[in-house]
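As provided, data.csv (CSV, N, CA and C atoms) reads as follows.
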chain,number,residue,atom,x,y,z
Q,1,VAL,N,95.6,92.9,114.0
Q,1,VAL,CA,94.4,92.2,113.6
Q,1,VAL,C,94.7,91.1,112.7
Q,2,GLN,N,94.5,89.9,113.0
Q,2,GLN,CA,94.7,88.7,112.2
Q,2,GLN,C,93.5,88.4,111.4
Q,3,LEU,N,93.7,88.3,110.0
Q,3,LEU,CA,92.6,88.1,109.1
Q,3,LEU,C,92.8,86.8,108.3
Q,4,ALA,N,91.8,86.1,108.0
Q,4,ALA,CA,91.9,84.9,107.2
Q,4,ALA,C,90.8,84.8,106.2
Q,5,GLU,N,91.2,84.7,104.9
Q,5,GLU,CA,90.2,84.6,103.8
Q,5,GLU,C,89.9,83.2,103.5
Q,6,SER,N,88.7,83.0,103.0
Q,6,SER,CA,88.3,81.6,102.5
Q,6,SER,C,87.3,81.8,101.4
Q,7,GLY,N,87.0,80.8,100.7
Q,7,GLY,CA,85.9,80.8,99.7
Q,7,GLY,C,86.3,80.9,98.3
Q,8,GLY,N,87.6,81.0,98.0
Q,8,GLY,CA,88.1,81.1,96.7
Q,8,GLY,C,87.9,79.8,95.9
Q,9,GLY,N,88.1,79.8,94.6
Q,9,GLY,CA,88.0,78.6,93.9
Q,9,GLY,C,88.0,78.9,92.4
Q,10,SER,N,87.6,77.9,91.6
Q,10,SER,CA,87.5,78.0,90.2
Q,10,SER,C,86.0,78.0,89.8
Q,11,VAL,N,85.7,78.8,88.9
Q,11,VAL,CA,84.3,78.9,88.4
Q,11,VAL,C,84.3,79.4,86.9
Q,12,GLN,N,83.3,79.0,86.2
Q,12,GLN,CA,83.1,79.5,84.9
Q,12,GLN,C,82.6,80.9,84.8
Q,13,ALA,N,82.9,81.5,83.7
Q,13,ALA,CA,82.4,82.9,83.5
Q,13,ALA,C,80.9,82.9,83.6
Q,14,GLY,N,80.4,84.0,84.3
Q,14,GLY,CA,79.0,84.1,84.6
Q,14,GLY,C,78.6,83.5,85.9
Q,15,GLY,N,79.5,82.8,86.6
Q,15,GLY,CA,79.2,82.1,87.8
Q,15,GLY,C,79.4,83.1,89.0
Q,16,SER,N,79.2,82.5,90.2
Q,16,SER,CA,79.3,83.3,91.4
Q,16,SER,C,80.2,82.6,92.5
Q,17,LEU,N,80.8,83.4,93.3
Q,17,LEU,CA,81.5,82.9,94.5
Q,17,LEU,C,81.3,83.9,95.6
Q,18,ARG,N,81.4,83.4,96.9
Q,18,ARG,CA,81.3,84.2,98.0
Q,18,ARG,C,82.6,84.0,98.8
Q,19,LEU,N,83.3,85.1,99.0
Q,19,LEU,CA,84.5,85.1,99.8
Q,19,LEU,C,84.2,85.5,101.2
Q,20,SER,N,84.9,84.9,102.2
Q,20,SER,CA,84.8,85.3,103.6
Q,20,SER,C,86.1,85.7,104.1
Q,21,CYS,N,86.0,86.7,105.1
Q,21,CYS,CA,87.2,87.2,105.8
Q,21,CYS,C,86.9,87.1,107.2
Q,22,GLU,N,87.5,86.3,108.0
Q,22,GLU,CA,87.3,86.1,109.4
Q,22,GLU,C,88.3,86.8,110.2
Q,23,GLY,N,87.9,87.6,111.2
Q,23,GLY,CA,88.8,88.3,112.0
Q,23,GLY,C,88.7,87.8,113.5
Q,24,PRO,N,89.5,88.5,114.4
Q,24,PRO,CA,89.5,88.1,115.8
Q,24,PRO,C,88.1,88.4,116.4
Q,25,ARG,N,87.8,87.6,117.4
Q,25,ARG,CA,86.5,87.8,118.1
Q,25,ARG,C,86.5,89.1,118.8
Q,26,SER,N,87.6,89.5,119.4
Q,26,SER,CA,87.6,90.8,120.1
Q,26,SER,C,88.0,91.9,119.1
Q,27,SER,N,87.4,93.0,119.2
Q,27,SER,CA,87.6,94.3,118.5
Q,27,SER,C,87.3,94.2,117.0
Q,28,PHE,N,86.8,93.1,116.5
Q,28,PHE,CA,86.4,93.1,115.1
Q,28,PHE,C,85.3,94.0,114.7
Q,29,ASP,N,84.5,94.4,115.7
Q,29,ASP,CA,83.5,95.3,115.4
Q,29,ASP,C,84.0,96.8,115.4
Q,30,ARG,N,85.3,96.9,115.4
Q,30,ARG,CA,85.9,98.3,115.2
Q,30,ARG,C,86.9,98.2,114.1
Q,31,VAL,N,86.8,97.2,113.2
Q,31,VAL,CA,87.7,97.0,112.1
Q,31,VAL,C,87.1,97.4,110.8
Q,32,ALA,N,87.5,98.5,110.2
Q,32,ALA,CA,87.1,98.8,108.9
Q,32,ALA,C,87.8,97.9,107.9
Q,33,THR,N,87.1,97.3,107.0
Q,33,THR,CA,87.6,96.2,106.2
Q,33,THR,C,87.5,96.5,104.7
Q,34,GLY,N,88.5,96.0,104.0
Q,34,GLY,CA,88.5,96.1,102.5
Q,34,GLY,C,88.9,94.8,101.8
Q,35,TRP,N,88.5,94.7,100.6
Q,35,TRP,CA,89.0,93.6,99.7
Q,35,TRP,C,89.8,94.2,98.6
Q,36,PHE,N,90.9,93.6,98.3
Q,36,PHE,CA,91.7,94.0,97.2
Q,36,PHE,C,92.0,92.7,96.4
Q,37,ARG,N,92.6,92.9,95.2
Q,37,ARG,CA,92.9,91.7,94.4
Q,37,ARG,C,94.2,92.0,93.6
Q,38,GLN,N,94.9,91.0,93.3
Q,38,GLN,CA,96.1,91.1,92.5
Q,38,GLN,C,96.2,90.0,91.5
Q,39,ALA,N,96.3,90.3,90.3
Q,39,ALA,CA,96.5,89.4,89.2
Q,39,ALA,C,97.9,89.2,88.9
Q,40,PRO,N,98.4,88.1,88.3
Q,40,PRO,CA,99.8,88.0,88.0
Q,40,PRO,C,100.3,89.1,87.1
Q,41,GLY,N,101.4,89.7,87.5
Q,41,GLY,CA,102.0,90.8,86.8
Q,41,GLY,C,101.4,92.1,86.9
Q,42,GLU,N,100.3,92.2,87.8
Q,42,GLU,CA,99.6,93.4,87.9
Q,42,GLU,C,99.8,94.0,89.4
Q,43,GLU,N,99.4,95.2,89.5
Q,43,GLU,CA,99.5,95.8,90.9
Q,43,GLU,C,98.2,95.4,91.6
Q,44,ARG,N,98.3,95.5,92.9
Q,44,ARG,CA,97.2,95.2,93.8
Q,44,ARG,C,96.1,96.3,93.6
Q,45,GLU,N,94.9,95.9,93.4
Q,45,GLU,CA,93.8,96.9,93.1
Q,45,GLU,C,92.7,96.8,94.1
Q,46,PHE,N,92.1,97.9,94.4
Q,46,PHE,CA,90.9,98.0,95.3
Q,46,PHE,C,89.7,97.3,94.7
Q,47,VAL,N,89.0,96.6,95.5
Q,47,VAL,CA,87.7,95.9,95.1
Q,47,VAL,C,86.5,96.6,95.8
Q,48,ALA,N,86.5,96.5,97.1
Q,48,ALA,CA,85.4,97.0,97.9
Q,48,ALA,C,85.8,97.2,99.3
Q,49,ALA,N,85.0,98.0,100.0
Q,49,ALA,CA,85.4,98.3,101.4
Q,49,ALA,C,84.1,98.5,102.2
Q,50,ILE,N,84.2,98.3,103.5
Q,50,ILE,CA,83.0,98.5,104.3
Q,50,ILE,C,83.4,99.0,105.7
Q,51,SER,N,82.7,100.0,106.2
Q,51,SER,CA,83.0,100.5,107.6
Q,51,SER,C,82.7,99.4,108.6
Q,52,TRP,N,83.2,99.7,109.9
Q,52,TRP,CA,83.0,98.6,110.9
Q,52,TRP,C,81.6,98.4,111.2
Q,53,SER,N,80.7,99.4,111.1
Q,53,SER,CA,79.3,99.2,111.4
Q,53,SER,C,78.5,98.6,110.2
Q,54,GLY,N,79.1,98.7,109.0
Q,54,GLY,CA,78.4,98.2,107.8
Q,54,GLY,C,77.6,99.4,107.2
Q,55,GLU,N,77.6,100.6,107.8
Q,55,GLU,CA,76.8,101.7,107.3
Q,55,GLU,C,77.2,102.2,106.0
Q,56,SER,N,78.6,102.1,105.8
Q,56,SER,CA,79.1,102.7,104.6
Q,56,SER,C,79.9,101.6,103.8
Q,57,THR,N,79.6,101.6,102.5
Q,57,THR,CA,80.4,100.7,101.6
Q,57,THR,C,80.9,101.5,100.4
Q,58,ALA,N,81.9,100.9,99.8
Q,58,ALA,CA,82.5,101.6,98.6
Q,58,ALA,C,83.0,100.5,97.6
Q,59,TYR,N,82.9,100.7,96.3
Q,59,TYR,CA,83.3,99.8,95.3
Q,59,TYR,C,84.1,100.4,94.2
Q,60,ALA,N,85.0,99.6,93.7
Q,60,ALA,CA,85.7,100.0,92.4
Q,60,ALA,C,84.6,100.0,91.3
Q,61,ASP,N,84.8,101.0,90.4
Q,61,ASP,CA,83.7,101.1,89.4
Q,61,ASP,C,83.4,99.8,88.6
Q,62,SER,N,84.5,99.1,88.3
Q,62,SER,CA,84.3,97.8,87.5
Q,62,SER,C,83.6,96.7,88.3
Q,63,MET,N,83.4,96.9,89.6
Q,63,MET,CA,82.7,95.9,90.4
Q,63,MET,C,81.3,96.3,90.8
Q,64,LYS,N,81.0,97.5,90.6
Q,64,LYS,CA,79.6,98.0,91.0
Q,64,LYS,C,78.6,97.2,90.2
Q,65,GLY,N,77.6,96.7,91.0
Q,65,GLY,CA,76.5,96.0,90.4
Q,65,GLY,C,76.8,94.5,90.3
Q,66,ARG,N,78.0,94.1,90.4
Q,66,ARG,CA,78.4,92.7,90.3
Q,66,ARG,C,78.8,92.1,91.7
Q,67,PHE,N,79.5,92.9,92.5
Q,67,PHE,CA,80.0,92.5,93.7
Q,67,PHE,C,79.3,93.2,94.9
Q,68,ALA,N,79.2,92.5,96.0
Q,68,ALA,CA,78.5,93.1,97.2
Q,68,ALA,C,79.3,92.8,98.4
Q,69,ILE,N,79.7,93.8,99.2
Q,69,ILE,CA,80.4,93.5,100.4
Q,69,ILE,C,79.4,93.7,101.6
Q,70,SER,N,79.6,92.8,102.6
Q,70,SER,CA,78.7,92.9,103.8
Q,70,SER,C,79.5,92.3,104.9
Q,71,ARG,N,78.9,92.5,106.1
Q,71,ARG,CA,79.6,91.9,107.3
Q,71,ARG,C,78.6,91.5,108.3
Q,72,ASP,N,79.0,90.5,109.2
Q,72,ASP,CA,78.3,90.1,110.3
Q,72,ASP,C,79.3,90.1,111.5
Q,73,ASN,N,79.2,91.2,112.3
Q,73,ASN,CA,80.1,91.3,113.4
Q,73,ASN,C,80.0,90.2,114.4
Q,74,ALA,N,78.8,89.7,114.5
Q,74,ALA,CA,78.5,88.6,115.5
Q,74,ALA,C,79.3,87.4,115.2
Q,75,LYS,N,79.6,87.2,113.9
Q,75,LYS,CA,80.4,86.1,113.4
Q,75,LYS,C,81.9,86.5,113.0
Q,76,ASN,N,82.2,87.8,113.3
Q,76,ASN,CA,83.6,88.3,113.1
Q,76,ASN,C,83.9,88.1,111.6
Q,77,THR,N,83.0,88.3,110.7
Q,77,THR,CA,83.2,87.9,109.3
Q,77,THR,C,82.7,89.0,108.4
Q,78,VAL,N,83.5,89.3,107.3
Q,78,VAL,CA,83.2,90.2,106.2
Q,78,VAL,C,83.1,89.3,105.0
Q,79,TYR,N,82.1,89.6,104.2
Q,79,TYR,CA,81.8,88.7,103.0
Q,79,TYR,C,82.0,89.6,101.7
Q,80,LEU,N,82.4,88.9,100.7
Q,80,LEU,CA,82.4,89.5,99.3
Q,80,LEU,C,81.6,88.6,98.4
Q,81,GLN,N,80.4,89.0,98.1
Q,81,GLN,CA,79.6,88.2,97.1
Q,81,GLN,C,80.0,88.7,95.7
Q,82,MET,N,80.4,87.7,94.9
Q,82,MET,CA,80.8,88.1,93.5
Q,82,MET,C,79.9,87.3,92.5
Q,83,ASN,N,79.2,88.1,91.7
Q,83,ASN,CA,78.3,87.5,90.7
Q,83,ASN,C,78.8,87.9,89.3
Q,84,SER,N,78.2,87.2,88.3
Q,84,SER,CA,78.6,87.5,86.9
Q,84,SER,C,80.1,87.6,86.7
Q,85,LEU,N,80.8,86.7,87.2
Q,85,LEU,CA,82.2,86.7,87.2
Q,85,LEU,C,82.7,86.6,85.7
Q,86,LYS,N,83.8,87.3,85.5
Q,86,LYS,CA,84.5,87.3,84.2
Q,86,LYS,C,85.9,86.8,84.3
Q,87,PRO,N,86.5,86.3,83.2
Q,87,PRO,CA,87.9,85.9,83.3
Q,87,PRO,C,88.8,86.9,83.8
Q,88,GLU,N,88.6,88.2,83.6
Q,88,GLU,CA,89.4,89.2,84.1
Q,88,GLU,C,89.3,89.4,85.6
Q,89,ASP,N,88.4,88.8,86.2
Q,89,ASP,CA,88.3,88.8,87.7
Q,89,ASP,C,89.3,87.8,88.3
Q,90,THR,N,89.9,87.0,87.5
Q,90,THR,CA,90.9,86.1,88.1
Q,90,THR,C,92.0,86.8,88.8
Q,91,ALA,N,92.3,86.4,90.0
Q,91,ALA,CA,93.3,87.1,90.8
Q,91,ALA,C,93.3,86.4,92.2
Q,92,VAL,N,94.3,86.8,93.0
Q,92,VAL,CA,94.3,86.5,94.4
Q,92,VAL,C,93.6,87.6,95.1
Q,93,TYR,N,92.7,87.3,95.9
Q,93,TYR,CA,91.9,88.3,96.6
Q,93,TYR,C,92.3,88.3,98.1
Q,94,TYR,N,92.6,89.6,98.5
Q,94,TYR,CA,93.1,89.8,99.9
Q,94,TYR,C,92.0,90.6,100.7
Q,95,CYS,N,92.0,90.2,101.9
Q,95,CYS,CA,91.2,91.0,102.9
Q,95,CYS,C,92.1,91.9,103.7
Q,96,ALA,N,91.7,93.1,104.0
Q,96,ALA,CA,92.6,94.0,104.8
Q,96,ALA,C,91.7,94.7,105.8
Q,97,GLY,N,92.4,95.0,107.0
Q,97,GLY,CA,91.6,95.6,108.1
Q,97,GLY,C,92.4,96.7,108.7
Q,98,ARG,N,91.6,97.6,109.3
Q,98,ARG,CA,92.2,98.7,110.1
Q,98,ARG,C,91.3,99.0,111.3
Q,99,ILE,N,91.9,99.1,112.4
Q,99,ILE,CA,91.1,99.4,113.6
Q,99,ILE,C,90.8,100.9,113.6
Q,100,VAL,N,89.6,101.3,113.8
Q,100,VAL,CA,89.2,102.7,113.8
Q,100,VAL,C,88.4,103.0,115.1
Q,101,GLY,N,88.1,104.3,115.3
Q,101,GLY,CA,87.4,104.7,116.5
Q,101,GLY,C,86.0,104.2,116.5
Q,102,VAL,N,85.5,104.0,117.7
Q,102,VAL,CA,84.1,103.5,117.8
Q,102,VAL,C,83.1,104.5,117.1
Q,103,TYR,N,83.4,105.8,117.1
Q,103,TYR,CA,82.5,106.7,116.5
Q,103,TYR,C,82.6,106.8,115.0
Q,104,GLN,N,83.6,106.2,114.4
Q,104,GLN,CA,83.8,106.2,113.0
Q,104,GLN,C,83.0,105.2,112.3
Q,105,THR,N,81.7,105.3,112.4
Q,105,THR,CA,80.8,104.2,112.0
Q,105,THR,C,80.6,104.2,110.4
Q,106,ASN,N,81.0,105.3,109.8
Q,106,ASN,CA,80.7,105.3,108.3
Q,106,ASN,C,82.0,105.6,107.5
Q,107,ILE,N,83.1,105.2,108.1
Q,107,ILE,CA,84.4,105.4,107.5
Q,107,ILE,C,84.9,104.1,106.8
Q,108,SER,N,85.2,104.1,105.5
Q,108,SER,CA,85.8,103.0,104.8
Q,108,SER,C,86.9,103.5,104.0
Q,109,TYR,N,87.8,102.7,103.6
Q,109,TYR,CA,89.1,103.1,103.0
Q,109,TYR,C,89.3,102.3,101.7
Q,110,ASN,N,89.7,103.0,100.6
Q,110,ASN,CA,89.8,102.4,99.3
Q,110,ASN,C,91.3,102.3,98.8
Q,111,THR,N,92.2,102.6,99.7
Q,111,THR,CA,93.6,102.5,99.3
Q,111,THR,C,94.3,101.5,100.2
Q,112,SER,N,95.2,100.7,99.6
Q,112,SER,CA,95.9,99.7,100.3
Q,112,SER,C,96.8,100.3,101.5
Q,113,SER,N,97.3,101.5,101.3
Q,113,SER,CA,98.1,102.0,102.3
Q,113,SER,C,97.4,102.4,103.6
Q,114,SER,N,96.0,102.4,103.5
Q,114,SER,CA,95.2,102.8,104.6
Q,114,SER,C,95.1,101.6,105.6
Q,115,TYR,N,95.5,100.4,105.2
Q,115,TYR,CA,95.3,99.2,106.0
Q,115,TYR,C,96.6,98.7,106.6
Q,116,ALA,N,96.4,98.3,107.9
Q,116,ALA,CA,97.6,97.8,108.6
Q,116,ALA,C,97.7,96.3,108.6
Q,117,SER,N,96.6,95.6,108.4
Q,117,SER,CA,96.6,94.2,108.5
Q,117,SER,C,96.0,93.5,107.3
Q,118,TRP,N,96.6,92.4,106.9
Q,118,TRP,CA,96.3,91.7,105.7
Q,118,TRP,C,96.2,90.2,105.9
Q,119,GLY,N,95.2,89.6,105.2
Q,119,GLY,CA,95.2,88.2,105.2
Q,119,GLY,C,96.2,87.6,104.2
Q,120,GLN,N,96.1,86.2,104.1
Q,120,GLN,CA,97.1,85.6,103.2
Q,120,GLN,C,96.7,85.5,101.7
Q,121,GLY,N,95.4,85.8,101.5
Q,121,GLY,CA,94.9,85.8,100.1
Q,121,GLY,C,94.2,84.4,99.8
Q,122,THR,N,93.3,84.5,98.9
Q,122,THR,CA,92.6,83.3,98.4
Q,122,THR,C,92.4,83.5,96.9
Q,123,GLN,N,92.7,82.4,96.1
Q,123,GLN,CA,92.8,82.4,94.7
Q,123,GLN,C,91.4,82.3,94.1
Q,124,VAL,N,91.1,83.2,93.2
Q,124,VAL,CA,89.8,83.1,92.4
Q,124,VAL,C,90.2,82.9,90.9
Q,125,THR,N,89.7,81.9,90.3
Q,125,THR,CA,90.0,81.6,88.9
Q,125,THR,C,88.7,81.5,88.1
Q,126,VAL,N,88.6,82.4,87.1
Q,126,VAL,CA,87.4,82.3,86.3
Q,126,VAL,C,87.7,81.9,84.9
Q,127,SER,N,87.1,80.9,84.4
Q,127,SER,CA,87.5,80.4,83.1
Q,127,SER,C,86.4,80.8,82.1
Q,128,SER,N,86.8,80.9,80.8
Q,128,SER,CA,85.8,81.4,79.8
Q,128,SER,C,85.1,80.2,79.2
Any chance you could put this one into structure tokens?
Amino acid sequence: VQLAESGGGSVQAGGSLRLSCEGPRSSFDRVATGWFRQAPGEEREFVAAISWSGESTAYADSMKGRFAISRDNAKNTVYLQMNSLKPEDTAVYYCAGRIVGVYQTNISYNTSSSYASWGQGTQVTVSS
């Protein structure tokens, strides 16, 4: 599954950004998707995940209430809306995908090892 992120950029603290992750037209509606991020010198960390149907979502504790993951399978796209951004949110954000069974409508994954496909990443910089 080939994935491509977009929407990164520079913003001041308190601002918002919406990241997009576009996947292939075929089979994207069976791709469980997650967002991860990696800051310089840090390990990659989980941000949010969504099942292929959109029925199930999961968030890292520090993102709850500020970030929202959603998807539009008709557009082959998963979104990450990020609000109330903080300087510590500065990182490269990666989209990850895993093909699942059609009946796994509420399965999402919060570990990087669960995903087989990754995008190239998009930089998010938040200034104070």
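For the set Q:Ala4, Q:Ile107, Q:Cys21, Q:Ala39, the residue with the smallest atom-to-atom gap to Q:Ser56 is Q:Ile107, counting only N, CA and C atoms.
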Shell of 6 Å around Q:Ala58, all atoms listed in the file, local chain residues under 6 positions omitted, as a PyMOL selection string:
chain Q and resi 47-50
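Atom CA of Q:Gln81 is found 21.2 Å from atom CA of Q:Pro24.
Using only C-alpha atoms for every distance, the candidate list Q:Leu19, Q:Ala32, Q:Val11, Q:Val124 yields Q:Leu19 as the residue closest to Q:Ala68.
Relative to atom C of Q:Tyr103, atom N of Q:Asn73 is found at 16.2 Å.
As for atom N of Q:Asp89 and atom CA of Q:Gly14, they are spaced 10.6 Å apart.
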